[in-house]
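With compact mmCIF, C-alpha atoms inside, this is final.txt:
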```txt
# COMPACT_ATOMS: atom_id res chain seq x y z
CA SER A 738 51.83 -58.69 1.78
CA PRO A 739 49.63 -61.46 3.29
CA GLN A 740 50.90 -63.76 0.54
CA HIS A 741 54.55 -63.35 1.46
CA PRO A 742 55.78 -66.68 2.87
CA LEU A 743 58.34 -65.07 5.19
CA VAL A 744 55.97 -62.74 7.08
CA ASP A 745 54.69 -65.15 9.74
CA GLY A 746 58.05 -66.83 10.25
CA ILE A 747 60.07 -63.65 10.63
CA HIS A 748 57.70 -62.36 13.33
CA LYS A 749 58.52 -65.41 15.42
CA GLY A 750 62.18 -64.38 15.53
CA GLY A 751 65.14 -66.19 14.03
CA VAL A 752 66.44 -66.28 10.46
CA TYR A 753 64.27 -67.84 7.74
CA ARG A 754 64.25 -68.55 4.01
CA ILE A 755 61.20 -68.52 1.77
CA THR A 756 61.86 -72.19 1.08
CA ASP A 757 61.50 -72.94 4.80
CA PHE A 758 57.75 -72.39 4.35
CA ILE A 759 56.93 -73.13 0.71
CA ARG A 760 58.41 -75.16 -2.14
CA GLN A 761 60.10 -73.15 -4.86
CA ARG A 762 57.68 -74.22 -7.60
CA ASP A 763 54.67 -73.31 -5.42
CA PHE A 764 56.22 -69.90 -4.64
CA ARG A 765 56.49 -69.21 -8.38
CA ARG A 766 52.77 -69.84 -8.80
CA LEU A 767 51.87 -67.05 -6.35
CA GLU A 768 50.41 -63.81 -7.66
CA LEU A 769 52.98 -61.94 -5.50
CA TYR A 770 55.83 -63.69 -7.33
CA ASN A 771 54.50 -62.98 -10.81
CA GLU A 772 53.62 -59.33 -10.08
CA TYR A 773 56.83 -58.43 -8.29
CA PHE A 774 59.59 -60.98 -7.65
CA ARG A 775 59.71 -62.32 -11.21
CA LEU A 776 60.02 -58.77 -12.58
CA VAL A 777 63.06 -57.98 -10.38
CA TYR A 778 64.65 -61.42 -10.94
CA VAL A 779 64.35 -62.54 -7.31
CA ASP A 780 63.63 -66.22 -6.64
CA TYR A 781 65.06 -66.65 -3.15
CA GLN A 782 64.93 -64.60 0.03
CA MET A 783 66.27 -64.87 3.56
CA GLY A 784 65.58 -62.43 6.36
CA PHE A 785 65.05 -61.69 10.03
CA LYS A 786 63.21 -59.23 12.24
CA ILE A 787 64.76 -56.28 14.08
CA PRO A 788 62.82 -55.46 17.28
CA ALA A 789 61.99 -51.76 17.28
CA ASN A 790 59.04 -49.42 17.49
CA PRO A 791 57.82 -50.07 14.90
CA SER A 792 59.64 -53.33 14.19
CA PHE A 793 61.02 -54.03 10.72
CA ALA A 794 62.73 -56.82 8.80
CA ILE A 795 66.02 -57.08 6.94
CA VAL A 796 65.90 -59.40 3.92
CA PHE A 797 68.49 -60.54 1.36
CA ASN A 798 67.64 -61.50 -2.22
CA ARG A 799 69.05 -63.96 -4.72
CA GLY A 800 68.06 -64.92 -8.24
CA ARG A 801 69.80 -68.20 -9.06
CA SER A 802 70.47 -70.28 -5.95
CA ASP A 803 68.94 -70.57 -2.52
CA PHE A 804 70.63 -69.48 0.71
CA SER A 805 72.60 -72.17 2.53
CA GLU A 806 72.66 -73.16 6.21
CA GLN A 807 76.02 -71.40 6.45
CA ASP A 808 74.34 -68.20 5.24
CA ARG A 809 71.67 -68.67 7.91
CA LEU A 810 74.33 -69.13 10.58
CA ILE A 811 76.18 -65.94 9.54
CA LEU A 812 72.99 -63.88 9.52
CA GLY A 813 72.01 -65.37 12.89
CA LEU A 814 75.31 -64.12 14.31
CA LEU A 815 74.74 -60.68 12.81
CA GLN A 816 71.14 -60.31 13.96
CA PRO A 817 71.74 -59.33 17.64
CA HIS A 818 74.46 -56.86 16.65
CA LEU A 819 72.19 -55.16 14.14
CA ALA A 820 69.38 -55.09 16.72
CA ASN A 821 71.73 -53.43 19.24
CA ALA A 822 72.85 -50.92 16.61
CA ARG A 823 69.21 -50.04 15.97
CA ARG A 824 68.52 -49.58 19.68
CA ASN A 825 71.62 -47.41 20.06
CA THR A 826 70.51 -45.29 17.11
CA GLU A 827 67.10 -44.79 18.70
CA MET A 828 68.69 -43.86 22.05
CA ILE A 829 71.03 -41.35 20.40
CA SER A 830 68.13 -39.86 18.47
CA ARG A 831 66.06 -39.47 21.66
CA PHE A 832 69.06 -38.06 23.51
CA GLU A 833 69.69 -35.47 20.79
CA GLU A 834 66.02 -34.50 20.78
CA GLU A 835 65.90 -34.18 24.58
CA ARG A 836 69.20 -32.31 24.62
CA GLY A 837 67.81 -29.91 22.02
CA LEU A 838 64.75 -29.22 24.16
CA PHE A 839 66.97 -28.86 27.24
CA GLU A 840 69.23 -26.38 25.47
CA GLN A 841 66.21 -24.36 24.31
CA ALA A 842 64.91 -24.22 27.88
CA ILE A 843 68.31 -23.09 29.19
CA GLU A 844 68.59 -20.40 26.52
CA GLN A 845 65.30 -18.92 27.71
CA GLU A 846 66.75 -18.40 31.18
CA GLU A 847 68.42 -15.10 32.04
CA ARG A 848 71.34 -16.89 33.63
CA GLY A 849 74.24 -18.33 31.70
CA VAL A 850 75.15 -22.01 31.96
CA ILE A 851 78.40 -23.78 31.06
CA PHE A 852 78.87 -27.57 31.12
CA LEU A 853 82.50 -28.59 31.53
CA THR A 854 84.37 -31.85 30.95
CA PRO A 855 85.99 -33.53 33.99
CA LYS A 856 89.21 -31.75 32.95
CA GLY A 857 87.54 -28.34 32.93
CA LYS A 858 87.16 -27.80 29.17
CA ILE A 859 83.94 -26.33 27.74
CA GLU A 860 81.53 -29.02 26.54
CA PHE A 861 78.42 -26.83 26.15
CA ILE A 862 77.88 -23.10 26.66
CA THR A 863 74.69 -21.05 26.31
CA ASN A 864 74.59 -17.84 24.32
CA ARG A 865 73.89 -15.90 27.52
CA ALA A 866 77.06 -17.30 29.10
CA LYS A 867 79.08 -16.24 26.04
CA ILE A 868 77.74 -12.69 26.36
CA LEU A 869 78.52 -12.52 30.09
CA LEU A 870 82.04 -13.91 29.61
CA SER A 871 82.61 -11.38 26.85
CA GLU A 872 81.49 -8.48 29.08
CA TYR A 873 83.49 -9.49 32.16
CA TYR A 874 86.49 -11.28 30.64
CA GLY A 875 86.70 -10.19 27.01
CA PHE A 876 85.90 -13.79 26.07
CA ASN A 877 86.48 -14.67 22.42
CA SER A 878 83.69 -16.99 21.27
CA LYS A 879 86.10 -18.55 18.74
CA GLN A 880 87.99 -20.07 21.69
CA ILE A 881 84.90 -22.14 22.33
CA HIS A 882 86.56 -25.05 24.15
CA ARG A 883 88.49 -23.05 26.73
CA LEU A 884 87.53 -20.75 29.60
CA PRO A 885 89.19 -17.34 30.01
CA GLY A 886 92.49 -17.73 31.89
CA PRO A 887 91.51 -16.30 35.32
CA LEU A 888 88.22 -18.22 35.33
CA GLU A 889 89.98 -21.44 34.31
CA ILE A 890 92.39 -21.07 37.24
CA TRP A 891 89.47 -20.57 39.66
CA VAL A 892 87.63 -23.60 38.24
CA ASN A 893 90.74 -25.76 38.61
CA GLU A 894 91.03 -24.69 42.26
CA CYS A 895 87.39 -25.67 42.79
CA ARG A 896 87.91 -29.01 41.05
CA THR A 897 90.72 -29.96 43.40
CA SER A 898 88.97 -28.73 46.55
CA ASN A 899 86.89 -30.80 48.98
CA MET A 900 83.63 -29.23 47.83
CA LEU A 901 82.85 -31.49 44.89
CA LEU A 902 79.70 -33.09 46.28
CA LYS A 903 77.79 -29.93 47.15
CA LEU A 904 77.15 -26.42 45.93
CA GLY A 905 80.63 -25.05 45.53
CA PRO A 906 82.10 -21.61 46.02
CA GLU A 907 80.91 -18.48 44.27
CA LEU A 908 83.00 -16.00 42.32
CA ILE A 909 81.78 -12.39 42.31
CA LEU A 910 82.90 -9.96 39.60
CA GLU A 911 81.90 -6.29 39.37
CA ASN A 912 81.56 -4.29 36.18
CA ASN A 913 80.45 -0.68 36.72
CA SER A 914 76.91 -0.81 38.11
CA LYS A 915 76.52 -4.59 37.75
CA LYS A 916 78.02 -7.70 39.24
CA LEU A 917 78.32 -11.25 37.98
CA LYS A 918 77.90 -14.21 40.32
CA ILE A 919 79.46 -17.45 39.05
CA THR A 920 78.58 -20.62 40.97
CA PHE A 921 80.57 -23.85 40.68
CA LEU A 922 78.59 -27.10 40.93
CA TRP A 923 79.84 -30.65 40.65
CA GLU A 924 77.46 -33.12 42.29
CA LYS A 925 77.80 -36.86 42.44
CA GLY A 926 76.53 -38.33 39.18
CA LEU A 927 77.58 -35.42 36.99
CA THR A 928 80.30 -36.25 34.48
CA GLY A 929 81.82 -32.79 34.82
CA PRO A 930 81.34 -29.45 36.61
CA ILE A 931 78.59 -26.96 35.80
CA LEU A 932 78.98 -23.21 36.04
CA THR A 933 75.90 -21.02 36.45
CA MET A 934 76.20 -17.28 35.83
CA GLN A 935 73.76 -14.67 37.11
CA GLU A 936 74.14 -10.94 36.56
CA GLU A 937 72.68 -8.54 39.13
CA GLN A 938 72.68 -4.86 39.82
CA THR A 939 74.96 -3.77 42.64
CA ASN A 940 73.46 -2.02 45.66
CA LYS A 941 75.34 1.06 44.56
CA ALA A 942 73.46 1.04 41.26
CA GLN A 943 70.14 0.45 43.01
CA ILE A 944 70.68 3.36 45.38
CA GLY A 945 71.74 5.51 42.42
CA ALA A 946 68.30 4.92 40.92
CA LEU A 947 66.88 7.08 43.75
CA ASP A 948 68.58 10.29 42.57
CA SER A 949 65.27 12.13 42.26
CA PHE A 950 64.71 11.81 46.03
CA ALA A 951 67.70 14.05 46.85
CA LEU A 952 69.36 11.74 49.36
CA THR A 953 72.57 13.08 50.88
CA PRO A 954 75.81 11.12 50.37
CA ARG A 955 75.61 9.95 54.00
CA GLU A 956 71.99 8.82 53.58
CA ARG A 957 73.00 6.89 50.46
CA GLU A 958 75.73 5.12 52.42
CA VAL A 959 73.32 4.22 55.22
CA LEU A 960 70.67 2.94 52.79
CA SER A 961 73.26 0.95 50.88
CA TRP A 962 74.31 -0.89 54.07
CA VAL A 963 70.65 -1.44 54.98
CA ALA A 964 70.22 -3.04 51.54
CA ASN A 965 73.14 -5.32 52.44
CA GLY A 966 71.25 -6.54 55.51
CA LYS A 967 73.25 -4.66 58.15
CA SER A 968 71.72 -3.61 61.48
CA ASN A 969 71.91 -0.05 62.89
CA LEU A 970 74.68 -1.15 65.24
CA GLU A 971 76.71 -2.69 62.39
CA ILE A 972 76.18 0.34 60.14
CA GLY A 973 77.29 2.62 62.98
CA MET A 974 80.50 0.63 63.43
CA ILE A 975 81.21 0.69 59.67
CA LEU A 976 80.50 4.41 59.25
CA SER A 977 81.90 5.48 62.65
CA MET A 978 78.64 6.83 64.05
CA SER A 979 76.29 5.86 66.84
CA PRO A 980 73.26 3.62 66.21
CA ARG A 981 71.10 6.60 67.20
CA THR A 982 72.63 8.70 64.41
CA VAL A 983 72.03 5.85 61.96
CA GLN A 984 68.39 5.81 63.04
CA LYS A 985 68.13 9.58 62.48
CA HIS A 986 69.48 9.17 58.95
CA LEU A 987 66.93 6.43 58.34
CA GLU A 988 64.08 8.64 59.55
CA HIS A 989 65.15 11.31 57.05
CA ILE A 990 65.36 8.66 54.34
CA TYR A 991 61.85 7.42 55.14
CA ILE A 992 60.45 10.94 54.80
CA LYS A 993 62.15 11.52 51.45
CA LEU A 994 61.03 8.16 50.07
CA GLY A 995 57.50 8.53 51.46
CA VAL A 996 57.69 5.33 53.49
CA GLU A 997 57.45 4.45 57.17
CA SER A 998 59.71 1.44 57.72
CA ARG A 999 62.99 -0.22 56.86
CA THR A 1000 61.19 -2.90 54.82
CA ALA A 1001 59.25 -0.31 52.83
CA ALA A 1002 62.47 1.62 52.12
CA LEU A 1003 64.09 -1.54 50.70
CA ALA A 1004 60.99 -2.17 48.61
CA ALA A 1005 61.31 1.36 47.21
CA VAL A 1006 64.96 0.73 46.33
CA HIS A 1007 63.96 -2.42 44.48
CA GLN A 1008 61.00 -0.74 42.72
CA TYR A 1009 62.93 2.26 41.40
CA SER A 1010 65.91 0.20 40.31
CA GLN A 1011 63.83 -1.87 37.88
```
Could you show the structure in this file as structure tokens?
Amino acid sequence: SPQHPLVDGIHKGGVYRITDFIRQRDFRRLELYNEYFRLVYVDYQMGFKIPANPSFAIVFNRGRSDFSEQDRLILGLLQPHLANARRNTEMISRFEEERGLFEQAIEQEERGVIFLTPKGKIEFITNRAKILLSEYYGFNSKQIHRLPGPLEIWVNECRTSNMLLKLGPELILENNSKKLKITFLWEKGLTGPILTMQEEQTNKAQIGALDSFALTPREREVLSWVANGKSNLEIGMILSMSPRTVQKHLEHIYIKLGVESRTAALAAVHQYSQ
């Protein structure tokens, strides 16, 4: 209220009483006093401002005697601590809001993400990561703070290695026609490691999607190694055949897939495996 004697003083900072600005008998003549303070039996007030957005004031009321200089001193000592508590509350609130948005964004990704403590315990895990751990490790979501045994051992080996300041090693697990790639990351500035988990189809599964093209077992083997980035010479060495024979198999594959090049054959593998 514009009539309140403390308003202007409190905005300057510091701790003030009503009687710092107006005599008690004059305060009792105010309309504000007779419409509010008198009805709640308040004759004296002392307060201070807490900087915030928006700012606000904390005031203390008395009915019989005014606040003393000792009271002012005590409140003056409390004021910065209460202001810090308010700032910390605002920071925590913003952090929780931002963390919530961050977690929502992570959950929308197809990959799983696990945040670990410096000692390797689970601090945060996405639903996708829980599903992947369940499929590949039989992970029990009730054991929320601990990784499955084999994965925990691997993480501990990574933690004690010399790869803590860059993208760490990858762990590959296969499950029928799919594989899971787990990447360990612990960069400078992170309080603990992060595990990212991405599930992919194996080349074997992708080649299997081409059943309708009647590829022979040998042609499937050749195409699988092509999908792994191997050259004709490398494929020949792996399959114990000459590069020329590898090329002949590829020519037959091209005809069956209706393509004319190695790149187009790989594109067909990708297209039909979707």
Excluding same-chain residues fewer than 6 positions from Leu810 of chain A, what lies within 12 Å of it counting only C-alpha atoms, as a ChimeraX atom specification? /A:751-753,783-785,804,816
Let me see the file: selected residues, C-alpha atoms, as a short mmCIF file (atom, residue, chain, number, x, y, z; two decimals), keeping the file's coordinate frame.
```cif
data_model
loop_
_atom_site.label_atom_id
_atom_site.label_comp_id
_atom_site.auth_asym_id
_atom_site.auth_seq_id
_atom_site.Cartn_x
_atom_site.Cartn_y
_atom_site.Cartn_z
CA GLY A 751 65.14 -66.19 14.03
CA VAL A 752 66.44 -66.28 10.46
CA TYR A 753 64.27 -67.84 7.74
CA MET A 783 66.27 -64.87 3.56
CA GLY A 784 65.58 -62.43 6.36
CA PHE A 785 65.05 -61.69 10.03
CA PHE A 804 70.63 -69.48 0.71
CA GLN A 816 71.14 -60.31 13.96
#
```
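Of the listed residues (A:Cys895, A:Leu767, A:Arg754, A:Gly857), A:Arg754 comes nearest to Asp808 of chain A; the distances count only C-alpha atoms.
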If you count only C-alpha atoms, which residues fall within 12 Å of Asn969 of chain A, apart from same-chain ones fewer than 3 positions away, as JSON, numbers by chain? {"A": [959, 960, 962, 963, 964, 965, 966, 972, 973, 974, 975, 976, 977, 978, 979, 980, 981, 982, 983, 984, 985, 986, 987, 999]}
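The nearest approach to Ile890 of chain A among the residues A:Phe950, A:Tyr778, A:Leu819, A:Lys858, with only C-alpha atoms taken into account, belongs to A:Lys858.
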So that I can see what lies close to Lys993 of chain A, please list as an mmCIF file with C-alpha atoms, in the coordinates of the input the residues with an atom at most 8 Å from it, counting only C-alpha atoms and leaving out residues fewer than 3 positions away in the same chain.
```cif
data_model
loop_
_atom_site.group_PDB
_atom_site.id
_atom_site.type_symbol
_atom_site.label_atom_id
_atom_site.label_comp_id
_atom_site.auth_asym_id
_atom_site.auth_seq_id
_atom_site.Cartn_x
_atom_site.Cartn_y
_atom_site.Cartn_z
ATOM 1 C CA PHE A 950 64.710 11.810 46.030
ATOM 2 C CA ALA A 951 67.700 14.050 46.850
ATOM 3 C CA LEU A 952 69.360 11.740 49.360
ATOM 4 C CA HIS A 989 65.150 11.310 57.050
ATOM 5 C CA ILE A 990 65.360 8.660 54.340
ATOM 6 C CA VAL A 996 57.690 5.330 53.490
#
```
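Nearest residue to Leu853 of chain A among A:Asp803, A:Glu907, A:Asp757, A:Glu889 is A:Glu889, counting all atoms listed in the file.
One finds atom CA of Ala1004 of chain A at 27.5 Å from atom CA of Leu869 of chain A.
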Fewer than 4 positions away in the same chain doesn't count, so skip those; otherwise give me all residues within 10 Å of Thr928 of chain A, counting all atoms listed in the file, as a VMD selection string. chain A and resid 852 to 855 923 to 924
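Shortest atom-to-atom contact with Glu860 of chain A among A:Gly813, A:Leu932, A:Leu908, A:Pro742: A:Leu932, counting all atoms listed in the file.
The smallest atom-to-atom distance between Leu812 of chain A and any of A:Leu888, A:Ala789, A:Met828, A:Ile795, using all atoms listed in the file, is found for A:Ile795.
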Please list as a list in words every residue within 12 Å of Pro887 of chain A, counting all atoms listed in the file and excluding residues in the same chain fewer than 2 positions away. Leu870, Tyr873, Tyr874, Gly875, Phe876, Arg883, Leu884, Pro885, Glu889, Ile890, Trp891, Val892, Asn893, Glu894, Leu908 and Leu910 of chain A
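When atom CA of Ile919 of chain A is paired with atom CA of Thr897 of chain A, their separation reads 17.4 Å.
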Report, in Å with one decimal, the straight-line distance from atom CA of Glu911 of chain A to atom CA of Ser871 of chain A. 13.5 Å
Draw an axis-aligned box tight on the listed atoms of segment 982-987 of chain A, then pad every side by 3 Å and write out centre and edge lengths in Å to one decimal as lines of an AutoDock Vina configuration file.
```
center_x = 69.8
center_y = 7.7
center_z = 61.4
size_x = 11.7
size_y = 9.8
size_z = 12.1
```
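The shortest atom-to-atom distance to Gln935 of chain A, with only C-alpha atoms taken into account, belongs to A:Arg865 out of A:Arg865, A:His882, A:Arg957, A:Arg896.
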